[in-house]
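Trainee: Pasting a structure below so you can have a look.
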Amino acid sequence: MRVVIKVGTSSLMLPEGLGGGGLRVAAIAKLCEVVAQLQREGAQVVLVSSGAVGIGARRCGLETRPSELAARQALAAVGQVHLMRFYDELLSAVGGRAAQVLLTLENLAKRSQWSSARATFDALFAIGAVPIVNENDTVAVEELRVGDNDTLAAHVASMVEADWLFLLTDVDAIYTADPRTCADAKPIRTVTSAAQLHAHSRGNSSVQVGNDSKTPIEHAHTRERNTHPSPQKNDDALAGQTCSTSLRAAEAQASVKVGHDDANSDKEGNK
């Protein structure tokens with residue numbers, strides 16, 4: 001079995017003012033424990049991790065992320081090293097082995113590069129390593145970006161022919177309405193069609209649905225996609241308990257993004 005897990009910036013970082021806005025080390029450690037347990041049960045696991053730009057900004061003492069591309073790329077370089085150090089040490093502590101894989105849109109779009117990346121993933125699985133994937137922000141140009149790590153995770157899931165794709169977020173499910181503003185909002189535990197998503201997407205920030213994306217999530221031909229909250233609950237979701245929304249990949253033909261990792265969304269904040 002192959003599993004892809006995507007984790008966003010807000011699941012990795014403390015809010016400003018809490019511990020200096022540093023890493024949620026306990027949450028990352030719990031995630032690494034779950035990954036190691038999945039491996040012991042025979043699964044091959046890929047972790048798509050956001051956080052490089054946000055962590056780089058905190059490491060450099062910046063209160064806001066810069067708008068200039070080169071400055072964001074520099075922060076990504078600083079933050080990625082710091083993030084990988086924690087993944088490496090925490091996975092090693094539970095018997096795992098981390099490997100860094102940085103991808104660009106060109107790697108995904110050109111067949112020769114796609115095949116090379118696929119072969120690399122297979123080789124990493126063969127040696128029992130956990131590929132830690134992020135977009136290669138330090139070299140990606142604005143016009144040729146994957147854009148957000150939900151979409152990157154979908155591409156990776158398709159590339160490795162994953163059985164499961166889990167999207168960790170700070171909301172616990174897709175809702176019938178925005179749960180922050182609507183007291184009657186109810187969680188949707190299973191999505192069986194695109195129409196079901198579209199019916200609840202208008203004015204609802206807990207789900208964004210679209211079919212016009214250049215790199216839509218429907219390209220991930222996984223058996224199921226689960227979205228669920230921060231890593232404290234991911235072992236429950238991986239065990240099939242109802243703290244998530246399950247999207248039946250063969251039937252839900254829409255690009256889906258659940259929740260909000262932070263106020264800035266994945267497009268820049270989660271790299």
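Each chain in the structure tokens gets a letter, A, B and so on, in the order shown; residues start at 1 in every chain, and ligands are counted from 1 in the order they appear.
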Do you know which residues are at most 8 Å from Ile132 of chain A counting only C-alpha atoms, after dropping those on the same chain fewer than 3 positions away, and could you put them as a PyMOL selection string?
Mentor: chain A and resi 46-49+98-101
Trainee: Kindly export the residues of the current selection with N, CA and C atoms, as a compact mmCIF listing (two decimals), in the first residue's frame.
Mentor:
# COMPACT_ATOMS: atom_id res chain seq x y z
N VAL A 46 4.78 8.76 1.51
CA VAL A 46 5.34 10.03 1.05
C VAL A 46 4.72 11.13 1.88
N LEU A 47 5.55 12.07 2.35
CA LEU A 47 5.06 13.21 3.11
C LEU A 47 5.29 14.47 2.28
N VAL A 48 4.21 15.15 1.90
CA VAL A 48 4.30 16.44 1.20
C VAL A 48 4.15 17.53 2.24
N SER A 49 5.22 18.26 2.48
CA SER A 49 5.24 19.19 3.61
C SER A 49 5.39 20.63 3.16
N ALA A 98 14.55 9.75 6.53
CA ALA A 98 14.00 10.84 5.71
C ALA A 98 14.84 11.07 4.47
N ALA A 99 14.15 11.48 3.39
CA ALA A 99 14.81 11.86 2.14
C ALA A 99 14.11 13.09 1.59
N GLN A 100 14.87 14.07 1.14
CA GLN A 100 14.28 15.30 0.59
C GLN A 100 14.10 15.19 -0.92
N VAL A 101 12.89 15.53 -1.38
CA VAL A 101 12.60 15.58 -2.81
C VAL A 101 11.95 16.93 -3.12
Trainee: Can you tell me, as a list of chain:residue names, what residues are no more than 10 Å from Ala185 of chain A when counting only C-alpha atoms, ignoring any on the same chain fewer than 4 positions away?
Mentor: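 Surrounding residues, per the criterion: A:Ile174, A:Tyr175, A:Thr176, A:Ala177, A:Asp178, A:Pro179, A:Arg180, A:Thr181, A:Asn204.
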Trainee: Atoms to include: N, CA, C and O atoms. Write the selected residues as an mmCIF file, in the first residue's frame.
Mentor:
data_model
loop_
_atom_site.group_PDB
_atom_site.id
_atom_site.type_symbol
_atom_site.label_atom_id
_atom_site.label_comp_id
_atom_site.auth_asym_id
_atom_site.auth_seq_id
_atom_site.Cartn_x
_atom_site.Cartn_y
_atom_site.Cartn_z
ATOM 1 N N ILE A 174 -14.966 18.774 5.404
ATOM 2 C CA ILE A 174 -15.739 19.664 4.537
ATOM 3 C C ILE A 174 -17.100 19.860 5.196
ATOM 4 O O ILE A 174 -17.697 18.909 5.707
ATOM 5 N N TYR A 175 -17.590 21.093 5.185
ATOM 6 C CA TYR A 175 -18.870 21.409 5.824
ATOM 7 C C TYR A 175 -19.903 21.861 4.791
ATOM 8 O O TYR A 175 -19.546 22.294 3.686
ATOM 9 N N THR A 176 -21.161 21.781 5.177
ATOM 10 C CA THR A 176 -22.245 22.244 4.312
ATOM 11 C C THR A 176 -22.260 23.755 4.184
ATOM 12 O O THR A 176 -22.858 24.306 3.261
ATOM 13 N N ALA A 177 -21.617 24.458 5.123
ATOM 14 C CA ALA A 177 -21.470 25.914 5.098
ATOM 15 C C ALA A 177 -20.227 26.247 5.913
ATOM 16 O O ALA A 177 -19.626 25.364 6.535
ATOM 17 N N ASP A 178 -19.822 27.502 5.903
ATOM 18 C CA ASP A 178 -18.651 27.909 6.664
ATOM 19 C C ASP A 178 -18.948 27.760 8.160
ATOM 20 O O ASP A 178 -19.783 28.485 8.711
ATOM 21 N N PRO A 179 -18.291 26.834 8.869
ATOM 22 C CA PRO A 179 -18.622 26.594 10.280
ATOM 23 C C PRO A 179 -18.264 27.760 11.194
ATOM 24 O O PRO A 179 -18.769 27.845 12.314
ATOM 25 N N ARG A 180 -17.434 28.678 10.701
ATOM 26 C CA ARG A 180 -17.062 29.827 11.533
ATOM 27 C C ARG A 180 -18.156 30.884 11.569
ATOM 28 O O ARG A 180 -18.205 31.708 12.479
ATOM 29 N N THR A 181 -19.026 30.864 10.572
ATOM 30 C CA THR A 181 -20.069 31.890 10.505
ATOM 31 C C THR A 181 -21.475 31.318 10.524
ATOM 32 O O THR A 181 -22.436 32.066 10.677
ATOM 33 N N ASN A 204 -18.852 29.263 0.708
ATOM 34 C CA ASN A 204 -18.388 28.422 1.795
ATOM 35 C C ASN A 204 -16.873 28.309 1.722
ATOM 36 O O ASN A 204 -16.339 27.644 0.850
#
Trainee: Excluding segment 90-97 of chain A and any residue of its chain fewer than 4 positions from it, enumerate the residues within 8 Å of it, using only C-alpha atoms, and give them as a list in words.
Mentor: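 My list of contacting residues is Ile28, Ala29, Cys32, Glu33, Ala36, Phe86, Gly128, Ala129 and Val130 of chain A.
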Trainee: Can you check which residues of segment 1-158 of chain A DSSP gives as alpha helix (DSSP H) on the backbone and send them as a ChimeraX atom specification?
Mentor: /A:9-12,25-40,52-59,69-93,105-109,111-126,149-158
Trainee: What's the 6 Å shell around segment 71-79 of chain A, counting only C-alpha atoms, without same-chain residues fewer than 3 positions away, as a ChimeraX atom specification?
Mentor: /A:52-53,55-57,68,82,137-138
Trainee: Next, the residues of the selection above should be written as an mmCIF file, in the first residue's frame with all heavy atoms.
Mentor:
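The file below, out-v4.cif, is the result:
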data_model
loop_
_atom_site.group_PDB
_atom_site.id
_atom_site.type_symbol
_atom_site.label_atom_id
_atom_site.label_comp_id
_atom_site.auth_asym_id
_atom_site.auth_seq_id
_atom_site.Cartn_x
_atom_site.Cartn_y
_atom_site.Cartn_z
ATOM 1 N N ALA A 52 8.204 25.891 4.388
ATOM 2 C CA ALA A 52 9.561 26.409 4.233
ATOM 3 C C ALA A 52 9.618 27.930 4.283
ATOM 4 O O ALA A 52 10.452 28.513 4.989
ATOM 5 C CB ALA A 52 10.174 25.898 2.928
ATOM 6 N N VAL A 53 8.745 28.615 3.540
ATOM 7 C CA VAL A 53 8.777 30.080 3.525
ATOM 8 C C VAL A 53 8.392 30.639 4.887
ATOM 9 O O VAL A 53 9.051 31.554 5.421
ATOM 10 C CB VAL A 53 7.859 30.644 2.425
ATOM 11 C CG1 VAL A 53 7.763 32.166 2.545
ATOM 12 C CG2 VAL A 53 8.365 30.264 1.045
ATOM 13 N N ILE A 55 8.572 29.218 7.879
ATOM 14 C CA ILE A 55 9.611 28.943 8.863
ATOM 15 C C ILE A 55 10.829 29.816 8.598
ATOM 16 O O ILE A 55 11.458 30.341 9.530
ATOM 17 C CB ILE A 55 9.973 27.452 8.845
ATOM 18 C CG1 ILE A 55 8.795 26.622 9.378
ATOM 19 C CG2 ILE A 55 11.235 27.178 9.660
ATOM 20 C CD1 ILE A 55 8.921 25.148 9.146
ATOM 21 N N GLY A 56 11.168 30.007 7.324
ATOM 22 C CA GLY A 56 12.290 30.876 6.987
ATOM 23 C C GLY A 56 12.065 32.298 7.454
ATOM 24 O O GLY A 56 12.981 32.959 7.956
ATOM 25 N N ALA A 57 10.821 32.779 7.308
ATOM 26 C CA ALA A 57 10.503 34.141 7.759
ATOM 27 C C ALA A 57 10.672 34.263 9.267
ATOM 28 O O ALA A 57 11.225 35.251 9.768
ATOM 29 C CB ALA A 57 9.076 34.501 7.347
ATOM 30 N N GLU A 68 8.447 40.199 -2.847
ATOM 31 C CA GLU A 68 9.391 39.952 -3.934
ATOM 32 C C GLU A 68 9.699 38.455 -4.040
ATOM 33 O O GLU A 68 9.948 37.778 -3.040
ATOM 34 C CB GLU A 68 10.698 40.718 -3.718
ATOM 35 C CG GLU A 68 10.542 42.227 -3.667
ATOM 36 C CD GLU A 68 10.119 42.722 -2.298
ATOM 37 O OE1 GLU A 68 10.017 41.880 -1.358
ATOM 38 O OE2 GLU A 68 9.868 43.921 -2.153
ATOM 39 N N HIS A 82 15.896 24.030 7.906
ATOM 40 C CA HIS A 82 15.457 23.900 9.298
ATOM 41 C C HIS A 82 14.372 22.829 9.423
ATOM 42 O O HIS A 82 14.411 21.992 10.339
ATOM 43 C CB HIS A 82 14.928 25.257 9.773
ATOM 44 C CG HIS A 82 14.638 25.327 11.235
ATOM 45 N ND1 HIS A 82 15.597 25.097 12.204
ATOM 46 C CD2 HIS A 82 13.486 25.604 11.912
ATOM 47 C CE1 HIS A 82 15.053 25.227 13.399
ATOM 48 N NE2 HIS A 82 13.784 25.537 13.257
ATOM 49 N N ASP A 137 11.001 25.927 -4.369
ATOM 50 C CA ASP A 137 10.718 27.362 -4.450
ATOM 51 C C ASP A 137 11.934 28.199 -4.803
ATOM 52 O O ASP A 137 11.804 29.287 -5.348
ATOM 53 C CB ASP A 137 10.151 27.856 -3.121
ATOM 54 C CG ASP A 137 8.725 27.384 -2.891
ATOM 55 O OD1 ASP A 137 7.940 27.429 -3.842
ATOM 56 O OD2 ASP A 137 8.411 26.966 -1.773
ATOM 57 N N THR A 138 13.126 27.721 -4.478
ATOM 58 C CA THR A 138 14.314 28.543 -4.711
ATOM 59 C C THR A 138 14.664 28.673 -6.184
ATOM 60 O O THR A 138 15.438 29.560 -6.553
ATOM 61 C CB THR A 138 15.533 27.984 -3.955
ATOM 62 O OG1 THR A 138 15.769 26.637 -4.363
ATOM 63 C CG2 THR A 138 15.295 28.021 -2.460
#
Trainee: Atom CA of Val133 of chain A and atom CA of Leu103 of chain A, how far apart in Å?
Mentor: 7.3 Å
Trainee: Would you mind listing what lies within 10 Å of Leu108 of chain A as a PyMOL selection string, with only C-alpha atoms counted and same-chain residues fewer than 4 positions away left out?
Mentor: chain A and resi 103-104+112-115+117-118+146+152+155-156+159+215
Trainee: Please produce a file of the residues just selected, as a CSV table (one decimal), in the first residue's frame, where the atoms kept are N, CA, C and O atoms.
Mentor:
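Once everything was written out, this is selection-v6.csv:
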chain,number,residue,atom,x,y,z
A,103,LEU,N,10.5,19.4,-6.1
A,103,LEU,CA,10.0,19.3,-7.4
A,103,LEU,C,9.5,20.6,-8.0
A,103,LEU,O,9.1,21.5,-7.2
A,104,THR,N,9.6,20.8,-9.3
A,104,THR,CA,9.0,21.9,-10.0
A,104,THR,C,8.0,21.5,-10.9
A,104,THR,O,7.8,20.3,-11.2
A,112,SER,N,10.2,13.0,-19.6
A,112,SER,CA,11.5,12.5,-19.2
A,112,SER,C,11.7,12.8,-17.7
A,112,SER,O,12.2,11.9,-17.0
A,113,GLN,N,11.4,14.0,-17.3
A,113,GLN,CA,11.7,14.4,-15.9
A,113,GLN,C,10.7,13.7,-15.0
A,113,GLN,O,11.1,13.3,-13.9
A,114,TRP,N,9.4,13.6,-15.4
A,114,TRP,CA,8.4,12.8,-14.7
A,114,TRP,C,8.9,11.4,-14.4
A,114,TRP,O,8.8,10.9,-13.3
A,115,SER,N,9.4,10.7,-15.5
A,115,SER,CA,9.8,9.3,-15.4
A,115,SER,C,11.0,9.2,-14.4
A,115,SER,O,11.1,8.3,-13.6
A,117,ALA,N,11.7,11.3,-11.9
A,117,ALA,CA,11.2,11.4,-10.6
A,117,ALA,C,10.5,10.2,-10.0
A,117,ALA,O,10.7,9.8,-8.9
A,118,ARG,N,9.7,9.6,-10.9
A,118,ARG,CA,9.0,8.3,-10.5
A,118,ARG,C,10.0,7.2,-10.1
A,118,ARG,O,9.9,6.5,-9.1
A,146,VAL,N,3.8,25.1,-9.4
A,146,VAL,CA,2.7,24.2,-9.1
A,146,VAL,C,1.6,25.0,-8.4
A,146,VAL,O,0.4,24.9,-8.6
A,152,LEU,N,0.2,19.8,-5.5
A,152,LEU,CA,1.5,19.0,-5.6
A,152,LEU,C,1.3,17.6,-5.1
A,152,LEU,O,1.7,16.6,-5.6
A,155,HIS,N,-0.5,15.5,-7.6
A,155,HIS,CA,0.4,15.0,-8.6
A,155,HIS,C,1.3,13.9,-8.2
A,155,HIS,O,1.6,12.9,-8.9
A,156,VAL,N,1.9,14.1,-6.9
A,156,VAL,CA,2.7,13.0,-6.4
A,156,VAL,C,2.0,11.7,-6.2
A,156,VAL,O,2.5,10.6,-6.5
A,159,MET,N,1.7,10.1,-9.5
A,159,MET,CA,3.0,9.6,-9.9
A,159,MET,C,3.3,8.3,-9.3
A,159,MET,O,3.8,7.4,-10.0
A,215,THR,N,-3.7,22.3,-12.9
A,215,THR,CA,-3.2,21.1,-12.3
A,215,THR,C,-4.2,20.6,-11.2
A,215,THR,O,-3.9,20.7,-10.0
Trainee: What is the atom CA of Leu12 of chain A to atom CA of Arg24 of chain A distance in Å?
Mentor: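 Atom CA of Arg24 of chain A lies 5.3 Å from atom CA of Leu12 of chain A.
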Trainee: Could you jot down the atom CA of Thr9 of chain A to atom CA of Asn149 of chain A separation for me, Å, one decimal place?
Mentor: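 A separation of 10.1 Å between them.
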